[in-house]
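**Student:** First, the structure itself, so that you have it in front of you.
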Amino acid sequence: MRTRLLSVILVAALLIVFVAGTASAASKFELIYYDGHMHTLFSDGSGTVGEIVETAKSRGLDAVIITDHCKSLTLGEWNSLVALTAAESDSTFLALPGFEVTGSDGMFNRDHINALGVDDPFVGDDESELCPEEIWESPPNPLGTGAVYPEHLAKWVDYIHSKGGIAVHNHPSGTTTLTYGVNNLEVYNQSHVDDVTSYARMLGYSPQEAWEFGMLLNNLAIYGEVDELNMLMPNPFLGYPGLPQDPYLPMRDILYYATYGFSGVGQWLGAPQAPLTSWDELLMAYVNGTVDTPIFGLANSDAHNTGSPDSNVGIAKNGAYVKKLSAKELYKAIKAGRTFATTGPSLALDVNGELMGDTAYILDGSASINLSVNSESPTAILVKINIIKNGEVLQTISPLSSTYEDTLADEVTEDGYYRVEVTGVDIATGGYSFAWSNPVFVDIP
Ligand SMILES: [Zn+2]
Ligand SMILES: [Zn+2]
């Protein structure tokens with residue numbers, strides 16, 4: 001009797017520990033959504049702060065960060081942006097001023113870096129209105145890959161950090177290098193996908209091919225040159241003298257000829273042999289101790305059509321786990337990687353109770369990966385969940401339902417990380433949505 005009572009108590013105690021262990025990870029936080037990259041009439045956007053906030057609220061966002069191009073701003077306009085965003089913020093919604101440092105402006109590999117949480121875009125004397133990219137220039141680089149002066153991008157980031165801000169490499173097409181020192185990488189940029197898609201349409205691709213082309217280019221931010229660049233695509237140059245006439249060409253060659261042989265504009269990838277740096281490689285550099293801080297991923301709309309009620313604001317966004325809705329807490333979550341990138345689904349991920357951005361110290365050789373996902377739409381189902389371990393797919397799950405929740409046990413034999421990629425499909429429209437988590441690191445002490 002006594003033994004039985006004891007075992008009941010023991011089981012109950014274990015259950016409490018277990019439930020507390022799994023629930024505590026995310027329960028300390030509130031899930032909010034923000035879109036952190038967009039433009040107003042102060043630079044090359046079509047809308048006002050008020051129009052952005054109206055659209056953002058209608059799309060269920062809790063916060064926006066407005067990031068006009070610094071070099072388009074006067075001091076007066078910056079002060080207006082600060083005042084207008086403050087006026088739109090209260091306990092239920094945050095509008096925050098940021099700015100985009102805008103260097104080389106090729107169609108791909110643009111040297112653009114967003115500054116979040118910086119209260120002064122102008123270096124030195126504000127009256128001279130000099131932006132970081134005007135002091136440390138980044139000219140186009142038609143003959144190579146990446147920035148002509150990579151050290152100048154590092155100077156922009158140093159300036160942002162010196163003001164207590166966060167530096168995000170925007171629409172990078174996988175060209176981020178560790179030397180820039182950015183905190184975050186825009187692994188998905190809605191405007192970039194839209195631009196590439198329309199460019200591919202101009203080259204003669206079908207709408208479906210053009211969309212896939214846009215997604216492939218965008219995915220270079222994540223996968224670098226792993227597979228996509230060698231994928232065969234229909235040759236858009238058939239009939240053009242002096243260009244290859246094979247029916248299919250590797251994507252890498254198409255990018256090369258589209259820039260230098262065909263259109264002559266932009267700075268695509270430099271040359272077919274040019275290397276790219278993917279997000280996973282950057283994360284592994286942290287795991288291997290090459291850098292002290294990881295580069296976390298995020299998704300943004302980069303909306304320019306902000307004056308339109310059906311603008312891109314909030315089409316791509318981030319779920320952020322925050323203690324409360326405040327600028328300080330949001331920036332803390334972005335910097336800590338306690339966010340996931342999404343165009344729809346939500347997710348919660350922890351490894352042994354450690355949230356995204358954190359490190360789980362593995363003492364017994366095993367990791368418990370706790371994942372829950374919701375399609376966040378009555379008409380969408382989750383078709384694929386990839387668990388990524390150290391840049392490789394560890395497991396693929398096909399829930400074919402609107403929610404998924406499970407715990408996966410995995411053996412840990414070396415330091416690394418886990419992150420997840422979710423794909424959803426809308427049954428009504430056939431449209432795809434995704435959610436990509438930030439990594440949880442594992443460390444064998
Ligand atoms: Zn940009
Ligand atoms: Zn932008």
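Labeling convention for the structure tokens: chains A, B, ... as they appear, residues from 1 per chain, ligands from 1 in order of appearance.
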Would you mind listing the residues within 8 Å of ligand 1, counting only C-alpha atoms and all ligand atoms, as a list in words?

**Tutor:** His69, Glu100, Thr102, Asp105, Arg110, Asp111, His112, Ile113, Asn170, His171 and Asp302 of chain A

**Student:** Output N, CA and C atoms for every residue in that selection, as a JSON list (two decimals), in the first residue's frame.

**Tutor:**
```json
[["chain", "number", "residue", "atom", "x", "y", "z"],
["A", 69, "HIS", "N", 15.20, 54.55, -46.66],
["A", 69, "HIS", "CA", 16.61, 54.65, -47.06],
["A", 69, "HIS", "C", 17.21, 55.90, -46.44],
["A", 100, "GLU", "N", 17.48, 52.26, -43.48],
["A", 100, "GLU", "CA", 18.23, 51.31, -44.30],
["A", 100, "GLU", "C", 19.48, 52.00, -44.83],
["A", 102, "THR", "N", 22.08, 52.13, -47.47],
["A", 102, "THR", "CA", 21.87, 51.65, -48.83],
["A", 102, "THR", "C", 23.11, 51.87, -49.67],
["A", 105, "ASP", "N", 23.67, 48.98, -55.39],
["A", 105, "ASP", "CA", 22.26, 48.78, -55.68],
["A", 105, "ASP", "C", 22.05, 47.89, -56.89],
["A", 110, "ARG", "N", 22.72, 43.14, -53.11],
["A", 110, "ARG", "CA", 22.72, 44.55, -52.76],
["A", 110, "ARG", "C", 23.34, 44.72, -51.37],
["A", 111, "ASP", "N", 24.18, 45.72, -51.25],
["A", 111, "ASP", "CA", 24.79, 45.99, -49.94],
["A", 111, "ASP", "C", 23.88, 46.95, -49.18],
["A", 112, "HIS", "N", 22.83, 46.39, -48.62],
["A", 112, "HIS", "CA", 21.87, 47.17, -47.84],
["A", 112, "HIS", "C", 21.80, 46.58, -46.44],
["A", 113, "ILE", "N", 21.90, 47.44, -45.45],
["A", 113, "ILE", "CA", 21.85, 46.95, -44.07],
["A", 113, "ILE", "C", 20.85, 47.79, -43.27],
["A", 170, "ASN", "N", 20.07, 42.92, -45.47],
["A", 170, "ASN", "CA", 18.81, 42.76, -46.21],
["A", 170, "ASN", "C", 19.02, 42.02, -47.53],
["A", 171, "HIS", "N", 17.95, 41.33, -47.98],
["A", 171, "HIS", "CA", 17.94, 40.64, -49.29],
["A", 171, "HIS", "C", 19.35, 40.30, -49.78],
["A", 302, "ASP", "N", 9.68, 44.25, -46.83],
["A", 302, "ASP", "CA", 10.36, 45.29, -47.60],
["A", 302, "ASP", "C", 9.33, 46.00, -48.50]]
```

**Student:** List as CSV every residue of chain A that is in contact with ligand 2, defined as an atom at most 12 Å from one of its atoms (using only C-alpha atoms and all ligand atoms), together with the nearest atom pair and the distance in Å rounded to one decimal, sorted by chain and then rising number.

**Tutor:**
```
residue,atom,partner,partner_atom_place_in_ligand_line,distance
A:Asp35,CA,ligand 2,1 (Zn),11.9
A:Gly36,CA,ligand 2,1 (Zn),9.8
A:His37,CA,ligand 2,1 (Zn),6.1
A:Met38,CA,ligand 2,1 (Zn),5.9
A:His39,CA,ligand 2,1 (Zn),6.5
A:Thr40,CA,ligand 2,1 (Zn),10.2
A:Ser43,CA,ligand 2,1 (Zn),9.6
A:Asp44,CA,ligand 2,1 (Zn),8.8
A:Gly45,CA,ligand 2,1 (Zn),9.1
A:Ile65,CA,ligand 2,1 (Zn),11.4
A:Ile66,CA,ligand 2,1 (Zn),9.4
A:Thr67,CA,ligand 2,1 (Zn),6.9
A:Asp68,CA,ligand 2,1 (Zn),7.0
A:His69,CA,ligand 2,1 (Zn),7.0
A:Cys70,CA,ligand 2,1 (Zn),10.3
A:Ser72,CA,ligand 2,1 (Zn),11.9
A:Gly98,CA,ligand 2,1 (Zn),10.9
A:Phe99,CA,ligand 2,1 (Zn),8.8
A:Glu100,CA,ligand 2,1 (Zn),6.4
A:Val101,CA,ligand 2,1 (Zn),9.1
A:Thr102,CA,ligand 2,1 (Zn),8.4
A:Gly103,CA,ligand 2,1 (Zn),11.4
A:Asp105,CA,ligand 2,1 (Zn),10.9
A:Arg110,CA,ligand 2,1 (Zn),10.2
A:Asp111,CA,ligand 2,1 (Zn),10.9
A:His112,CA,ligand 2,1 (Zn),7.7
A:Ile113,CA,ligand 2,1 (Zn),8.8
A:Asn114,CA,ligand 2,1 (Zn),8.0
A:Ala115,CA,ligand 2,1 (Zn),11.2
A:Val168,CA,ligand 2,1 (Zn),11.1
A:His169,CA,ligand 2,1 (Zn),10.6
A:Asn170,CA,ligand 2,1 (Zn),7.4
A:His171,CA,ligand 2,1 (Zn),8.5
A:Pro172,CA,ligand 2,1 (Zn),11.6
A:Glu186,CA,ligand 2,1 (Zn),10.9
A:Asn189,CA,ligand 2,1 (Zn),9.2
A:Gln190,CA,ligand 2,1 (Zn),10.3
A:Ser191,CA,ligand 2,1 (Zn),8.2
A:His192,CA,ligand 2,1 (Zn),9.3
A:Asn300,CA,ligand 2,1 (Zn),9.3
A:Ser301,CA,ligand 2,1 (Zn),8.7
A:Asp302,CA,ligand 2,1 (Zn),4.9
A:Ala303,CA,ligand 2,1 (Zn),7.3
A:His304,CA,ligand 2,1 (Zn),7.6
A:Asn305,CA,ligand 2,1 (Zn),11.3
A:Thr306,CA,ligand 2,1 (Zn),11.8
A:Val313,CA,ligand 2,1 (Zn),12.0
```

**Student:** Take the residues from that selection and write them out as a CSV table (one decimal), in the first residue's frame, keeping C-alpha atoms.

**Tutor:**
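Written file, part25.csv:
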```
chain,number,residue,atom,x,y,z
A,35,ASP,CA,7.3,43.2,-40.0
A,36,GLY,CA,10.7,44.9,-39.7
A,37,HIS,CA,11.4,46.4,-43.2
A,38,MET,CA,9.3,48.9,-45.2
A,39,HIS,CA,9.4,52.3,-46.9
A,40,THR,CA,7.3,55.5,-46.7
A,43,SER,CA,12.1,57.6,-49.3
A,44,ASP,CA,10.8,55.4,-52.2
A,45,GLY,CA,7.7,54.0,-50.6
A,65,ILE,CA,9.7,48.9,-37.9
A,66,ILE,CA,9.8,51.5,-40.7
A,67,THR,CA,13.1,51.6,-42.5
A,68,ASP,CA,13.4,54.4,-45.1
A,69,HIS,CA,16.6,54.6,-47.1
A,70,CYS,CA,18.9,56.8,-45.0
A,72,SER,CA,16.8,59.9,-48.9
A,98,GLY,CA,14.6,52.5,-38.3
A,99,PHE,CA,16.6,53.2,-41.4
A,100,GLU,CA,18.2,51.3,-44.3
A,101,VAL,CA,21.9,51.9,-45.1
A,102,THR,CA,21.9,51.6,-48.8
A,103,GLY,CA,25.1,50.9,-50.6
A,105,ASP,CA,22.3,48.8,-55.7
A,110,ARG,CA,22.7,44.6,-52.8
A,111,ASP,CA,24.8,46.0,-49.9
A,112,HIS,CA,21.9,47.2,-47.8
A,113,ILE,CA,21.8,47.0,-44.1
A,114,ASN,CA,18.9,47.8,-41.8
A,115,ALA,CA,19.5,49.7,-38.6
A,168,VAL,CA,20.4,43.3,-40.4
A,169,HIS,CA,21.8,42.3,-43.8
A,170,ASN,CA,18.8,42.8,-46.2
A,171,HIS,CA,17.9,40.6,-49.3
A,172,PRO,CA,21.5,39.2,-49.3
A,186,GLU,CA,17.0,38.6,-44.0
A,189,ASN,CA,12.4,39.3,-48.4
A,190,GLN,CA,9.0,39.5,-50.0
A,191,SER,CA,10.0,42.5,-52.3
A,192,HIS,CA,13.1,40.6,-53.5
A,300,ASN,CA,10.4,41.0,-43.9
A,301,SER,CA,8.0,42.4,-46.5
A,302,ASP,CA,10.4,45.3,-47.6
A,303,ALA,CA,7.1,46.8,-48.8
A,304,HIS,CA,7.4,49.9,-51.0
A,305,ASN,CA,3.7,49.9,-52.1
A,306,THR,CA,2.8,51.0,-48.6
A,313,VAL,CA,3.1,45.1,-45.3
```

**Student:** Among range 171-328 of chain A, which ones does DSSP assign to strand (DSSP E) (computed from the backbone)? Answer as a ChimeraX atom specification.

**Tutor:** /A:184-189,232-234,248-250,296-300,317-322

**Student:** Go ahead and write the residues just picked, N, CA and C atoms, as an mmCIF file, in the first residue's frame.

**Tutor:**
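out38.cif, written as the output of this step:
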```cif
data_model
loop_
_atom_site.group_PDB
_atom_site.id
_atom_site.type_symbol
_atom_site.label_atom_id
_atom_site.label_comp_id
_atom_site.auth_asym_id
_atom_site.auth_seq_id
_atom_site.Cartn_x
_atom_site.Cartn_y
_atom_site.Cartn_z
ATOM 1 N N ASN A 184 21.704 39.992 -37.815
ATOM 2 C CA ASN A 184 20.635 39.210 -38.436
ATOM 3 C C ASN A 184 20.765 39.228 -39.949
ATOM 4 N N LEU A 185 20.102 38.253 -40.535
ATOM 5 C CA LEU A 185 20.134 38.056 -41.975
ATOM 6 C C LEU A 185 18.682 37.926 -42.417
ATOM 7 N N GLU A 186 18.321 38.673 -43.465
ATOM 8 C CA GLU A 186 16.954 38.561 -43.963
ATOM 9 C C GLU A 186 16.890 37.311 -44.841
ATOM 10 N N VAL A 187 16.500 36.189 -44.263
ATOM 11 C CA VAL A 187 16.486 34.942 -45.035
ATOM 12 C C VAL A 187 15.298 34.903 -45.991
ATOM 13 N N TYR A 188 14.362 35.809 -45.823
ATOM 14 C CA TYR A 188 13.249 35.915 -46.775
ATOM 15 C C TYR A 188 12.883 37.386 -46.898
ATOM 16 N N ASN A 189 12.782 37.867 -48.129
ATOM 17 C CA ASN A 189 12.420 39.260 -48.411
ATOM 18 C C ASN A 189 11.348 39.237 -49.497
ATOM 19 N N LEU A 232 19.135 22.572 -63.257
ATOM 20 C CA LEU A 232 18.934 22.944 -64.659
ATOM 21 C C LEU A 232 17.617 23.692 -64.817
ATOM 22 N N MET A 233 17.676 24.807 -65.511
ATOM 23 C CA MET A 233 16.491 25.628 -65.772
ATOM 24 C C MET A 233 16.378 25.800 -67.287
ATOM 25 N N PRO A 234 15.153 26.004 -67.803
ATOM 26 C CA PRO A 234 15.029 26.272 -69.244
ATOM 27 C C PRO A 234 15.885 27.481 -69.633
ATOM 28 N N TYR A 248 18.663 23.527 -71.759
ATOM 29 C CA TYR A 248 18.667 23.767 -70.313
ATOM 30 C C TYR A 248 20.060 24.209 -69.882
ATOM 31 N N LEU A 249 20.086 25.103 -68.912
ATOM 32 C CA LEU A 249 21.374 25.566 -68.377
ATOM 33 C C LEU A 249 21.333 25.509 -66.851
ATOM 34 N N PRO A 250 22.491 25.302 -66.207
ATOM 35 C CA PRO A 250 22.496 25.418 -64.744
ATOM 36 C C PRO A 250 22.115 26.841 -64.352
ATOM 37 N N PHE A 296 21.245 35.499 -36.678
ATOM 38 C CA PHE A 296 19.894 34.945 -36.685
ATOM 39 C C PHE A 296 19.137 35.380 -37.942
ATOM 40 N N GLY A 297 18.183 34.535 -38.358
ATOM 41 C CA GLY A 297 17.426 34.787 -39.580
ATOM 42 C C GLY A 297 16.117 35.504 -39.305
ATOM 43 N N LEU A 298 15.639 36.252 -40.285
ATOM 44 C CA LEU A 298 14.311 36.853 -40.181
ATOM 45 C C LEU A 298 13.709 37.082 -41.567
ATOM 46 N N ALA A 299 12.411 37.353 -41.592
ATOM 47 C CA ALA A 299 11.670 37.594 -42.841
ATOM 48 C C ALA A 299 10.997 38.950 -42.759
ATOM 49 N N ASN A 300 11.002 39.664 -43.878
ATOM 50 C CA ASN A 300 10.356 40.971 -43.911
ATOM 51 C C ASN A 300 9.648 41.170 -45.239
ATOM 52 N N LYS A 317 6.640 38.236 -42.269
ATOM 53 C CA LYS A 317 6.731 38.809 -40.918
ATOM 54 C C LYS A 317 7.489 37.853 -40.015
ATOM 55 N N ASN A 318 7.592 38.234 -38.743
ATOM 56 C CA ASN A 318 8.269 37.383 -37.770
ATOM 57 C C ASN A 318 7.414 37.238 -36.529
ATOM 58 N N GLY A 319 7.357 36.017 -36.020
ATOM 59 C CA GLY A 319 6.789 35.803 -34.696
ATOM 60 C C GLY A 319 7.915 36.005 -33.701
ATOM 61 N N ALA A 320 7.669 36.811 -32.676
ATOM 62 C CA ALA A 320 8.718 37.079 -31.681
ATOM 63 C C ALA A 320 8.174 36.749 -30.300
ATOM 64 N N TYR A 321 8.991 36.045 -29.505
ATOM 65 C CA TYR A 321 8.601 35.734 -28.125
ATOM 66 C C TYR A 321 9.170 36.819 -27.222
ATOM 67 N N VAL A 322 8.244 37.628 -26.664
ATOM 68 C CA VAL A 322 8.660 38.786 -25.859
ATOM 69 C C VAL A 322 8.023 38.720 -24.471
#
```

**Student:** Would you please work out which residue, of A:Gly76, A:Gly337, A:Gly50, A:Gly181, is nearest to Glu127 in chain A when using only C-alpha atoms?

**Tutor:**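 Result for the nearest residue to Glu127 in chain A: A:Gly76.
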
**Student:** What does the distance between CA of Ile295 in chain A and CA of Phe122 in chain A come to in Å, to one decimal place?

**Tutor:**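 Going from CA of Ile295 in chain A over to CA of Phe122 in chain A, I get 25.3 Å.
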
**Student:** Of the residues A:Met231, A:Leu81, A:Ala95, A:Ala435, which is the one nearest to Thr343 in chain A, using only C-alpha atoms?

**Tutor:** A:Ala435

**Student:** With only C-alpha atoms as the counted atoms, please give the residues lying no more than 9 Å from range 420-429 of chain A, apart from itself and same-chain residues fewer than 3 positions off, as JSON, numbers by chain.

**Tutor:** {"A": [342, 344, 345, 347, 349, 371, 373, 375, 377, 378, 379, 380, 381, 382, 383, 384, 385, 386, 387, 388, 389, 400, 402, 432, 433, 434, 435, 436, 437, 438, 439]}

**Student:** Fewer than 3 positions away in the same chain doesn't count, so skip those; otherwise give me all residues within 7 Å of range 215-226 of chain A, counting only C-alpha atoms, as a VMD selection string.

**Tutor:** chain A and resid 172 to 174 187 to 188 193 211 to 212 229 276 to 280

**Student:** For those residues, write N, CA and C atoms to a file as a CSV table (one decimal), in the first residue's frame.

**Tutor:**
```
chain,number,residue,atom,x,y,z
A,172,PRO,N,20.0,39.4,-49.1
A,172,PRO,CA,21.5,39.2,-49.3
A,172,PRO,C,21.8,38.2,-50.4
A,173,SER,N,20.8,37.4,-50.8
A,173,SER,CA,21.1,36.3,-51.8
A,173,SER,C,22.3,35.5,-51.3
A,174,GLY,N,22.4,35.2,-50.1
A,174,GLY,CA,23.5,34.4,-49.6
A,174,GLY,C,24.9,35.0,-49.6
A,187,VAL,N,16.5,36.2,-44.3
A,187,VAL,CA,16.5,34.9,-45.0
A,187,VAL,C,15.3,34.9,-46.0
A,188,TYR,N,14.4,35.8,-45.8
A,188,TYR,CA,13.2,35.9,-46.8
A,188,TYR,C,12.9,37.4,-46.9
A,193,VAL,N,11.7,38.6,-53.7
A,193,VAL,CA,11.0,37.5,-54.4
A,193,VAL,C,10.2,38.1,-55.5
A,211,TRP,N,8.1,32.3,-60.5
A,211,TRP,CA,8.0,32.3,-59.1
A,211,TRP,C,9.0,31.3,-58.5
A,212,GLU,N,9.2,30.2,-59.1
A,212,GLU,CA,10.2,29.2,-58.5
A,212,GLU,C,11.6,29.9,-58.6
A,229,LEU,N,22.1,26.2,-57.2
A,229,LEU,CA,22.7,26.8,-58.3
A,229,LEU,C,23.1,25.9,-59.5
A,276,LEU,N,29.2,31.4,-52.6
A,276,LEU,CA,28.2,32.1,-51.8
A,276,LEU,C,28.3,31.6,-50.4
A,277,THR,N,27.8,32.4,-49.5
A,277,THR,CA,27.8,32.0,-48.1
A,277,THR,C,26.4,31.9,-47.6
A,278,SER,N,26.0,30.7,-47.2
A,278,SER,CA,24.6,30.5,-46.8
A,278,SER,C,24.5,30.7,-45.3
A,279,TRP,N,23.2,30.8,-44.9
A,279,TRP,CA,22.9,31.0,-43.4
A,279,TRP,C,23.4,29.8,-42.6
A,280,ASP,N,23.2,28.6,-43.1
A,280,ASP,CA,23.7,27.4,-42.4
A,280,ASP,C,25.2,27.4,-42.2
```

**Student:** Would you mind listing what lies within 12 Å of Ser58 in chain A as a list in words, with only C-alpha atoms counted and same-chain residues fewer than 5 positions away left out?

**Tutor:**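 The filter keeps Glu51, Ile52, Val53, Ala63, Phe93, Pro309, Asp310, Ser311, Val313, Gly314 and Ile315 of chain A.
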
**Student:** Between A:Gly357, A:Pro445, A:Gly365, A:Pro207, which residue has the minimum interatomic distance to Tyr418 in chain A, considering only C-alpha atoms?

**Tutor:**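 Among A:Gly357, A:Pro445, A:Gly365, A:Pro207, it is A:Gly357 that comes nearest to Tyr418 in chain A.
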
**Student:** For CA of Val157 in chain A and CA of Tyr180 in chain A, quote the distance in Å rounded to one decimal.

**Tutor:** 6.9 Å

**Student:** One decimal, Å: what's the distance from CA of Phe237 in chain A over to CA of Ala200 in chain A, could you say?

**Tutor:**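 Separation of CA of Phe237 in chain A and CA of Ala200 in chain A: 11.8 Å.
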